[in-house]
Each structure stands twice: as structure tokens, then as C-alpha cells.
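Okay, my_file_27.txt now, which holds compact mmCIF, C-alpha atoms:
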# COMPACT_ATOMS: atom_id res chain seq x y z
CA MET A 1 -0.42 0.55 -17.87
CA LYS A 2 -3.05 2.42 -19.88
CA PHE A 3 -5.97 3.85 -17.94
CA SER A 4 -9.54 3.55 -19.23
CA LYS A 5 -11.24 6.42 -21.02
CA VAL A 6 -14.03 7.12 -18.58
CA ALA A 7 -15.38 10.23 -20.27
CA GLY A 8 -16.06 8.46 -23.56
CA ALA A 9 -17.87 5.61 -21.89
CA LEU A 10 -20.02 8.00 -19.91
CA ALA A 11 -21.09 9.75 -23.09
CA LEU A 12 -22.78 6.51 -24.09
CA CYS A 13 -24.34 6.15 -20.63
CA VAL A 14 -22.62 2.80 -20.18
CA GLY A 15 -20.61 1.97 -17.04
CA LEU A 16 -16.91 1.28 -17.47
CA LEU A 17 -17.29 -2.19 -16.03
CA GLY A 18 -20.84 -3.09 -16.99
CA TRP A 19 -21.94 -3.98 -13.48
CA ALA A 20 -23.65 -0.81 -12.20
CA ASN A 21 -27.41 -1.03 -11.80
CA GLY A 22 -28.27 2.64 -11.41
CA VAL A 23 -30.22 4.87 -13.73
CA CYS A 24 -28.24 7.07 -16.05
CA ALA A 25 -28.50 10.47 -14.38
CA GLN A 26 -25.11 12.01 -14.99
CA LYS A 27 -23.76 14.79 -12.81
CA ASN A 28 -21.55 17.65 -13.88
CA PRO A 29 -18.03 16.41 -12.98
CA ALA A 30 -17.23 19.81 -11.45
CA ASP A 31 -19.98 19.17 -8.90
CA ILE A 32 -18.58 15.79 -7.80
CA THR A 33 -16.42 15.41 -4.69
CA ILE A 34 -14.64 12.20 -3.72
CA GLY A 35 -12.85 11.90 -0.39
CA TYR A 36 -10.19 9.45 0.77
CA SER A 37 -8.68 8.84 4.22
CA ALA A 38 -5.18 7.33 4.21
CA MET A 39 -3.79 5.53 7.24
CA GLN A 40 -0.66 7.69 7.28
CA LEU A 41 0.44 9.98 4.46
CA SER A 42 4.06 9.96 5.65
CA ASN A 43 4.16 6.34 4.46
CA PRO A 44 5.68 6.37 0.93
CA TRP A 45 3.04 3.94 -0.38
CA TYR A 46 0.25 6.37 0.45
CA ILE A 47 2.17 9.24 -1.07
CA SER A 48 2.13 7.38 -4.40
CA VAL A 49 -1.54 6.45 -3.93
CA ARG A 50 -2.26 10.14 -3.43
CA TRP A 51 -0.42 11.05 -6.63
CA GLY A 52 -2.53 8.57 -8.59
CA MET A 53 -5.77 9.84 -7.06
CA VAL A 54 -4.89 13.46 -7.77
CA ALA A 55 -4.04 12.63 -11.40
CA ALA A 56 -7.35 10.79 -11.88
CA CYS A 57 -9.38 13.58 -10.27
CA ARG A 58 -7.73 16.15 -12.51
CA LYS A 59 -8.35 14.10 -15.61
CA LEU A 60 -12.02 13.64 -14.71
CA GLY A 61 -12.46 17.26 -13.63
CA ILE A 62 -13.75 16.40 -10.14
CA LYS A 63 -12.88 17.56 -6.64
CA CYS A 64 -10.54 15.34 -4.66
CA VAL A 65 -10.11 15.57 -0.85
CA ILE A 66 -7.36 13.40 0.65
CA ILE A 67 -6.89 13.38 4.43
CA ASP A 68 -4.20 11.85 6.63
CA ALA A 69 -5.61 9.78 9.50
CA GLN A 70 -2.17 9.95 11.16
CA ASN A 71 -2.54 6.33 12.31
CA ARG A 72 -5.37 7.39 14.66
CA VAL A 73 -8.62 5.46 14.49
CA ASN A 74 -10.70 8.22 16.07
CA LYS A 75 -9.38 10.80 13.62
CA GLN A 76 -10.17 8.57 10.65
CA VAL A 77 -13.72 7.99 11.87
CA SER A 78 -14.21 11.70 12.49
CA ASP A 79 -12.76 12.73 9.11
CA LEU A 80 -14.98 10.30 7.22
CA GLN A 81 -18.03 11.31 9.26
CA ASN A 82 -17.39 14.90 8.20
CA MET A 83 -17.32 13.79 4.57
CA VAL A 84 -20.65 12.01 5.01
CA ASP A 85 -22.17 15.02 6.79
CA ASP A 86 -20.94 17.24 3.95
CA ARG A 87 -22.63 14.87 1.47
CA PHE A 88 -19.59 13.93 -0.56
CA ASP A 89 -20.52 11.90 -3.62
CA ALA A 90 -18.13 9.11 -2.68
CA ILE A 91 -15.82 8.29 0.21
CA ALA A 92 -13.02 5.77 0.49
CA CYS A 93 -10.37 4.82 2.99
CA THR A 94 -7.69 2.39 3.93
CA PRO A 95 -9.13 1.49 7.34
CA LEU A 96 -7.11 1.43 10.53
CA ASP A 97 -10.02 -0.40 12.18
CA ALA A 98 -12.63 -1.74 9.77
CA GLU A 99 -15.12 -2.54 12.53
CA ALA A 100 -15.02 1.05 13.75
CA LEU A 101 -16.18 2.20 10.31
CA GLN A 102 -18.94 -0.30 9.52
CA ASP A 103 -21.80 1.78 10.97
CA LEU A 104 -20.48 4.91 9.27
CA TYR A 105 -20.29 3.14 5.91
CA ALA A 106 -23.80 1.79 6.38
CA GLN A 107 -24.97 5.36 7.04
CA ALA A 108 -23.22 6.60 3.91
CA ASN A 109 -24.71 3.84 1.78
CA ALA A 110 -28.19 4.63 3.10
CA GLN A 111 -27.71 8.27 2.09
CA GLY A 112 -26.73 7.30 -1.46
CA ILE A 113 -23.03 8.00 -0.97
CA ILE A 114 -20.72 5.60 -2.80
CA THR A 115 -18.25 3.87 -0.46
CA GLY A 116 -14.89 2.29 -1.20
CA SER A 117 -12.03 0.48 0.49
CA LEU A 118 -8.42 0.44 -0.70
CA ALA A 119 -5.89 -2.18 0.41
CA GLN A 120 -7.80 -3.24 3.55
CA VAL A 121 -11.58 -3.62 3.42
CA VAL A 122 -14.50 -2.11 5.32
CA PRO A 123 -17.35 -4.66 5.03
CA GLY A 124 -20.27 -3.16 3.14
CA SER A 125 -18.16 -1.06 0.78
CA HIS A 126 -19.42 -0.73 -2.77
CA LEU A 127 -15.80 -1.04 -3.93
CA GLU A 128 -13.51 -3.53 -2.21
CA TYR A 129 -10.11 -3.00 -3.82
CA GLY A 130 -8.07 -5.20 -1.54
CA ILE A 131 -4.76 -7.00 -1.14
CA ASP A 132 -4.18 -10.73 -0.92
CA GLU A 133 -2.27 -10.00 2.27
CA TYR A 134 -0.82 -13.44 2.97
CA HIS A 135 0.51 -14.05 -0.54
CA TYR A 136 1.81 -10.49 -0.81
CA GLY A 137 3.76 -11.04 2.41
CA TYR A 138 4.91 -14.43 1.19
CA GLU A 139 6.39 -12.80 -1.93
CA ILE A 140 8.34 -10.36 0.26
CA GLY A 141 9.64 -13.19 2.44
CA LYS A 142 10.42 -15.36 -0.57
CA GLN A 143 12.80 -12.78 -2.04
CA ALA A 144 14.58 -12.46 1.28
CA ALA A 145 14.78 -16.20 1.89
CA GLU A 146 16.17 -16.93 -1.57
CA TRP A 147 18.87 -14.29 -1.04
CA ALA A 148 19.69 -15.79 2.37
CA ARG A 149 19.89 -19.25 0.87
CA ASN A 150 22.28 -18.10 -1.85
CA THR A 151 24.38 -15.74 0.28
CA LEU A 152 24.20 -17.03 3.85
CA GLN A 153 23.45 -20.70 3.16
CA CYS A 154 20.37 -20.03 5.34
CA ARG A 155 22.53 -19.51 8.43
CA GLY A 156 21.73 -16.09 9.78
CA LYS A 157 19.54 -13.87 11.92
CA VAL A 158 16.61 -11.82 10.67
CA ALA A 159 14.31 -9.20 12.18
CA LEU A 160 10.75 -8.97 10.83
CA ILE A 161 9.16 -5.51 10.80
CA THR A 162 5.39 -5.82 10.66
CA GLN A 163 2.18 -3.82 10.51
CA ASP A 164 0.60 -6.03 13.16
CA ASN A 165 -1.07 -3.04 14.80
CA VAL A 166 -3.61 -3.29 11.95
CA LEU A 167 -5.53 -6.54 12.25
CA ALA A 168 -6.12 -6.85 8.51
CA THR A 169 -2.39 -6.80 7.73
CA VAL A 170 -1.30 -9.43 10.26
CA PRO A 171 -1.53 -12.12 7.50
CA ARG A 172 1.05 -10.17 5.50
CA ALA A 173 3.70 -10.70 8.17
CA ASP A 174 2.48 -14.28 8.61
CA GLY A 175 3.13 -14.87 4.90
CA ALA A 176 6.60 -13.34 5.06
CA GLU A 177 7.45 -15.44 8.10
CA ALA A 178 6.12 -18.60 6.43
CA ALA A 179 8.29 -18.04 3.33
CA LEU A 180 11.40 -17.49 5.46
CA LYS A 181 10.78 -20.70 7.40
CA GLU A 182 9.85 -22.83 4.38
CA ILE A 183 12.71 -21.76 2.12
CA CYS A 184 15.39 -21.22 4.80
CA PRO A 185 14.39 -23.16 7.92
CA GLU A 186 17.81 -22.61 9.49
CA LEU A 187 17.29 -18.84 9.56
CA LYS A 188 16.59 -17.51 13.03
CA ILE A 189 13.87 -14.86 13.31
CA VAL A 190 15.06 -12.95 16.37
CA LEU A 191 12.35 -10.29 16.47
CA ARG A 192 8.89 -9.73 14.99
CA LYS A 193 7.56 -6.28 15.82
CA GLU A 194 5.36 -3.52 14.39
CA GLY A 195 7.17 -0.60 12.76
CA ALA A 196 5.40 0.37 9.53
CA SER A 197 6.94 3.84 9.28
CA PRO A 198 10.51 5.06 8.79
CA GLU A 199 10.68 6.03 12.46
CA GLY A 200 9.16 2.75 13.58
CA GLY A 201 11.37 0.67 11.30
CA LYS A 202 14.48 2.36 12.65
CA LEU A 203 13.41 1.75 16.25
CA VAL A 204 12.70 -1.94 15.62
CA THR A 205 16.04 -2.42 13.84
CA ASP A 206 17.91 -0.54 16.57
CA GLU A 207 16.29 -2.85 19.13
CA ALA A 208 17.19 -5.96 17.13
CA LEU A 209 20.81 -4.83 16.69
CA LYS A 210 21.17 -4.05 20.37
CA ALA A 211 20.15 -7.59 21.30
CA HIS A 212 21.79 -9.22 18.26
CA PRO A 213 24.80 -7.24 16.93
CA ASP A 214 25.32 -10.07 14.42
CA LEU A 215 21.92 -9.45 12.79
CA ASP A 216 22.19 -10.27 9.09
CA MET A 217 18.92 -9.19 7.56
CA VAL A 218 15.74 -7.17 8.03
CA VAL A 219 12.49 -8.03 6.31
CA SER A 220 9.76 -5.39 6.43
CA VAL A 221 6.18 -5.76 5.21
CA THR A 222 6.30 -2.11 4.06
CA ASP A 223 8.95 0.02 2.37
CA ALA A 224 8.41 2.60 5.09
CA GLY A 225 9.71 0.17 7.70
CA GLY A 226 12.47 -0.91 5.33
CA VAL A 227 13.63 2.68 4.90
CA GLY A 228 13.83 2.97 8.69
CA ALA A 229 15.84 -0.26 8.83
CA PHE A 230 18.24 1.18 6.24
CA GLN A 231 18.70 4.27 8.39
CA SER A 232 19.55 2.08 11.37
CA PHE A 233 22.00 -0.03 9.35
CA THR A 234 23.67 3.14 8.05
CA VAL A 235 24.07 4.66 11.52
CA ASN A 236 25.54 1.40 12.77
CA GLY A 237 27.94 1.07 9.85
CA ILE A 238 26.34 -2.10 8.46
CA GLU A 239 27.00 -2.18 4.74
CA SER A 240 28.60 -5.49 3.75
CA ARG A 241 27.45 -7.82 0.99
CA ARG A 242 26.38 -10.26 3.73
CA HIS A 243 23.68 -7.91 5.01
CA ALA A 244 20.33 -7.18 3.44
CA ILE A 245 17.00 -5.40 3.72
CA PHE A 246 13.88 -6.58 1.90
CA SER A 247 10.45 -4.98 1.94
CA GLY A 248 7.27 -4.39 -0.02
CA ASP A 249 5.63 -1.46 -1.89
CA ALA A 250 8.34 -0.49 -4.44
CA THR A 251 8.11 3.18 -3.52
CA PRO A 252 10.46 5.70 -5.17
CA GLU A 253 12.39 6.07 -1.90
CA ALA A 254 13.09 2.35 -1.65
CA ILE A 255 14.00 2.12 -5.34
CA SER A 256 16.39 5.05 -4.90
CA LEU A 257 18.14 3.30 -2.00
CA MET A 258 18.41 0.10 -4.06
CA SER A 259 19.98 1.94 -7.00
CA ASP A 260 23.37 2.21 -5.26
CA GLN A 261 25.46 -0.86 -6.06
CA SER A 262 26.89 -0.87 -2.53
CA SER A 263 23.47 -0.64 -0.87
CA VAL A 264 22.22 -3.30 1.55
CA TYR A 265 18.66 -2.59 0.34
CA ARG A 266 18.23 -5.55 -2.00
CA GLY A 267 14.58 -6.10 -2.85
CA THR A 268 10.99 -4.92 -2.68
CA VAL A 269 7.63 -5.91 -4.16
CA ASP A 270 5.68 -3.50 -6.33
CA LEU A 271 2.13 -3.06 -5.00
CA MET A 272 1.43 -0.49 -7.71
CA PRO A 273 0.24 2.36 -5.46
CA TYR A 274 -0.07 4.99 -8.18
CA GLN A 275 -2.24 2.75 -10.32
CA ALA A 276 -4.27 1.64 -7.29
CA GLY A 277 -5.02 5.25 -6.38
CA TYR A 278 -5.82 6.21 -9.96
CA LEU A 279 -8.15 3.29 -10.56
CA THR A 280 -9.87 3.69 -7.19
CA ILE A 281 -11.01 7.16 -8.28
CA GLU A 282 -12.10 5.87 -11.70
CA TYR A 283 -14.17 3.05 -10.16
CA LEU A 284 -15.82 5.36 -7.61
CA TYR A 285 -16.53 7.99 -10.26
CA ASP A 286 -18.18 5.42 -12.48
CA MET A 287 -20.43 4.37 -9.59
CA VAL A 288 -21.34 7.97 -8.84
CA GLN A 289 -22.36 8.51 -12.44
CA ASN A 290 -23.98 5.15 -13.16
CA GLY A 291 -25.23 3.87 -9.81
CA ALA A 292 -23.95 1.58 -7.09
CA PRO A 293 -23.46 -2.11 -7.96
CA SER A 294 -25.98 -4.60 -6.61
CA GLU A 295 -23.06 -6.51 -5.05
CA PRO A 296 -19.69 -5.15 -3.90
CA ARG A 297 -17.14 -4.86 -6.67
CA LYS A 298 -14.24 -7.00 -5.41
CA LEU A 299 -10.75 -6.65 -6.88
CA TYR A 300 -7.20 -7.42 -5.81
CA ILE A 301 -4.29 -5.04 -6.28
CA PRO A 302 -1.64 -6.91 -8.31
CA PHE A 303 1.94 -7.14 -7.12
CA LYS A 304 5.30 -7.97 -8.67
CA PRO A 305 8.80 -8.50 -7.19
CA VAL A 306 11.43 -5.85 -7.88
CA THR A 307 14.91 -7.24 -7.39
CA GLU A 308 18.30 -5.66 -6.92
CA ALA A 309 19.20 -6.72 -10.45
CA ASP A 310 16.01 -5.12 -11.83
CA VAL A 311 16.96 -1.77 -10.33
CA LEU A 312 20.65 -1.85 -11.26
CA THR A 313 19.88 -2.82 -14.87
CA GLY A 314 16.90 -0.46 -15.22
CA LYS A 315 14.40 -3.28 -15.82
CA LEU A 316 11.65 -1.74 -13.71
CA PRO A 317 7.89 -2.26 -13.95
CA GLU A 318 6.01 0.22 -16.12
CA ASN A 319 4.91 3.41 -14.30
CA LEU A 320 7.08 2.62 -11.26
CA HIS A 321 8.69 6.07 -11.39
CA LEU A 322 5.89 8.59 -11.71
CA ALA A 323 6.34 12.24 -10.82
CA PRO A 324 3.94 13.80 -8.32
CA PRO A 325 1.26 16.22 -9.59
CA ALA A 326 2.53 19.71 -10.24
CA ALA A 327 0.16 21.34 -7.75
CA PRO A 328 -1.21 20.28 -4.38
CA VAL A 329 -4.70 18.98 -3.76
CA GLN A 330 -6.96 19.88 -0.86
Show the structure stored in the file as C-alpha cells.
Amino acid sequence: MKFSKVAGALALCVGLLGWANGVCAQKNPADITIGYSAMQLSNPWYISVRWGMVAACRKLGIKCVIIDAQNRVNKQVSDLQNMVDDRFDAIACTPLDAEALQDLYAQANAQGIITGSLAQVVPGSHLEYGIDEYHYGYEIGKQAAEWARNTLQCRGKVALITQDNVLATVPRADGAEAALKEICPELKIVLRKEGASPEGGKLVTDEALKAHPDLDMVVSVTDAGGVGAFQSFTVNGIESRRHAIFSGDATPEAISLMSDQSSVYRGTVDLMPYQAGYLTIEYLYDMVQNGAPSEPRKLYIPFKPVTEADVLTGKLPENLHLAPPAAPVQ
């Protein structure tokens, strides 16, 4: 996709999106700092988000601070509080606990700091760049269920790896489960458990295989969990055409695993992390330069299935394989 030319629009003192209500009082880009707190930077989706943010910050000539919350609510709150205390121009996060951040975001807004949410939403954010969690999960489950219908005639066992430790993403697993049951009602879901990291996904799959050695399929609501499931399948020698792993995020790691014709990794859903990170910075920058909107700017991150056939034939979504920035960011 082509990204908007922010600098040219700013020269005319007109917001990119036409919805900011602030007075045109432009800052030197070199004096602007935007901070972002990711849930867990070891998750491949956030790695790609980070690449997009870094690229946007470099293009705009602004400072970019990206911090790993390490799946710890208290750390995320503390890191964002430090950004507010240091008077960053804008802060954003993917919240582990949105309620725990509401007062902090209200404080930031009152101090004139632009606030944003990516993927999951903190109420009161100026930018709410969210995910339609249920339908995203449904798309993941749909791919898996259609494969099971065609390959297993819907007779099989599946483990569902979730991100249910984050309240906002529970609907994603609900959507995946609904698709499995609607399209393949004979499928037996033998385990639904949180494991949204490679380590967690491996542990959940190991547990499922111990109780059900005849497990046919794993469906994960994140590629990170799917990668862990693949590791478990590999260790246990599961590699037949009657086994499968499906997930969501379309990260380079998942795509790489799918590129082997003998792989049991058969599908993912592109949540466009690089573009989401890039555009998050553009939207926040525009608000910094042109004023906060009178109402939250609400957008959904688009998503698109990426099938086994797409990968093996090279028919991948645009910008799916993007190299990381050449140099690190703070």
C-alpha cells in the first residue's frame, strides 16, 4: 500500500484526515517524541509493528521510543507514566489492561499529550485503531474448519490456543471457536487455553498431545502461538498431510514455516502489522501538528486470509515481506 505524504499536507497547514480541530502551530519534527508500549515484543506481530513505526518515524524525522511491556500490566503502566512525566508529544499502546490505563490516559489528555490505542483500545484515546476481534477470529477459524471439512470430513480433534489472558481479545477466540463449530460441527475441540507466545503455544500443544495423541489440528489466535504449536508438532514427529496448524497475523516467521511444501503450517490471516504501525505514527503525528480531534478517531485494522496455496505460489499480500529497519531505535 502507498503511505500518505504527511510533510506536504503539513506545509499547507491542513490535517491529513481533515478532522483535527486544533490551531495550526507546527512543531519542528526533530523536537517531537512519540512513545509506544507493546504487549510483548517477542511476539512476531509486534516486531512487524515496530518496524513500521520505526520507518514512519524516520520518514517524518521524529523521535520514536518503543518499549516492551513484557506482558506485565504494572510495567506497562509505569512505562507510559514515565512518558507522560517526560512530556512526550504523543503516547500509544496495545493495552494489557485497558482499565488500568484509563486514568493515565485522562491525565495525558489533560496535559495536551496525544493518546492512541493500537489493536485493543484504551477508552478516551484520541486514536482508536482497533481490531474487529470476533470477525478476525472467525476468519482464522473459518480457514481451519474448511481445511478440516475437505481433509478430515470434519472428524478430528483440535486444540485452540487463545489470548484469553487479555480481556479484549477473548472475542477473537470466541470467533474462531464459532467458525469451527458452525462449519465443522463434528470437530471436537479438546482444549482451549491461553498461549499467545511461541513458548506458550508449545506448552499448550504439548499438553493437548499428552491427553490426546491423536490430535489432528491446532488453531491459534496469534502466529506466535502457532509457531509454538509447530515446534511441538516437530518435536513429536507430527508432519502428515492429515495434520494442520492455522493462526493469525501473517508474520514473516509463520509465512516462512508455510513455505515448505511438507509443512503442517497451512494458513494464517494477515493483520497487516507493518502498515498498522506505520499509520499509527502518521495519525499521531498529524494530531500533534494539527490538534486533537473533537471525537476519537476510530478505525479498524483490515485483515486478509493467507492460505497455503498463496504462499506456495507466491501470491502474497502487498508489503507482507518487509525488511526491518537497518538500525535500531531507542
Residues within 10 Å of Ile301 (chain A), all atoms listed in the file, excluding chain neighbours under 4 positions, as an MDAnalysis selection string = chainID A and resid 118:119 129:132 136 271:273 275:276
Go through region 68-112 of chain A and flag each residue having an atom no more than 12 Å from region 287-290 of chain A; for those, report the closest pair of atoms plus their distance in Å to one decimal, using all atoms listed in the file, ordered by chain and rising number, as CSV.
residue,atom,partner,partner_atom,distance
A:Phe88,CA,A:Val288,CA,10.4
A:Asp89,CA,A:Val288,CA,6.6
A:Ala90,CA,A:Val288,CA,7.0
A:Ile91,CA,A:Val288,CA,10.6
A:Asn109,CA,A:Val288,CA,11.9
A:Gly112,CA,A:Val288,CA,9.2
Got time to write the residues from that selection, C-alpha atoms, as a PDB file, in the frame of the given file?
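The result, stored in result_23.pdb:
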ATOM      1  CA  PHE A  88     -19.590  13.930  -0.560  1.00  0.00           C
ATOM      2  CA  ASP A  89     -20.520  11.900  -3.620  1.00  0.00           C
ATOM      3  CA  ALA A  90     -18.130   9.110  -2.680  1.00  0.00           C
ATOM      4  CA  ILE A  91     -15.820   8.290   0.210  1.00  0.00           C
ATOM      5  CA  ASN A 109     -24.710   3.840   1.780  1.00  0.00           C
ATOM      6  CA  GLY A 112     -26.730   7.300  -1.460  1.00  0.00           C
TER       7      GLY A 112
END
For Gly201 (chain A): contacts at 10 Å, all atoms listed in the file, fewer than 5 positions along chain excluded, given as a ChimeraX atom specification | /A:160-162,193-196,206-207,218,220,222-232
Could you write those residues out with C-alpha atoms, as a PDB file, in the coordinates of the input?
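out39.pdb, written as the output of this step:
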ATOM      1  CA  LEU A 160      10.750  -8.970  10.830  1.00  0.00           C
ATOM      2  CA  ILE A 161       9.160  -5.510  10.800  1.00  0.00           C
ATOM      3  CA  THR A 162       5.390  -5.820  10.660  1.00  0.00           C
ATOM      4  CA  LYS A 193       7.560  -6.280  15.820  1.00  0.00           C
ATOM      5  CA  GLU A 194       5.360  -3.520  14.390  1.00  0.00           C
ATOM      6  CA  GLY A 195       7.170  -0.600  12.760  1.00  0.00           C
ATOM      7  CA  ALA A 196       5.400   0.370   9.530  1.00  0.00           C
ATOM      8  CA  ASP A 206      17.910  -0.540  16.570  1.00  0.00           C
ATOM      9  CA  GLU A 207      16.290  -2.850  19.130  1.00  0.00           C
ATOM     10  CA  VAL A 218      15.740  -7.170   8.030  1.00  0.00           C
ATOM     11  CA  SER A 220       9.760  -5.390   6.430  1.00  0.00           C
ATOM     12  CA  THR A 222       6.300  -2.110   4.060  1.00  0.00           C
ATOM     13  CA  ASP A 223       8.950   0.020   2.370  1.00  0.00           C
ATOM     14  CA  ALA A 224       8.410   2.600   5.090  1.00  0.00           C
ATOM     15  CA  GLY A 225       9.710   0.170   7.700  1.00  0.00           C
ATOM     16  CA  GLY A 226      12.470  -0.910   5.330  1.00  0.00           C
ATOM     17  CA  VAL A 227      13.630   2.680   4.900  1.00  0.00           C
ATOM     18  CA  GLY A 228      13.830   2.970   8.690  1.00  0.00           C
ATOM     19  CA  ALA A 229      15.840  -0.260   8.830  1.00  0.00           C
ATOM     20  CA  PHE A 230      18.240   1.180   6.240  1.00  0.00           C
ATOM     21  CA  GLN A 231      18.700   4.270   8.390  1.00  0.00           C
ATOM     22  CA  SER A 232      19.550   2.080  11.370  1.00  0.00           C
TER      23      SER A 232
END
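A distance cut-off of 8 Å around (-1.8, 4.3, -6.7), counting only C-alpha atoms, selects these protein and nucleic acid residues: Trp45, Tyr46, Ser48, Val49, Arg50, Trp51, Gly52, Met53, Met272, Pro273, Tyr274, Gln275, Ala276, Gly277, Tyr278 and Leu279 of chain A.
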So how many Å separate CA of Ile47 (chain A) and CA of Ile67 (chain A), to one decimal?
-> 11.4 Å
Residue neighbourhood Tyr105 (chain A), 7 Å, all atoms listed in the file, exclusion window fewer than 2 positions, as a ChimeraX atom specification | /A:101-103,107-109,115,124-125
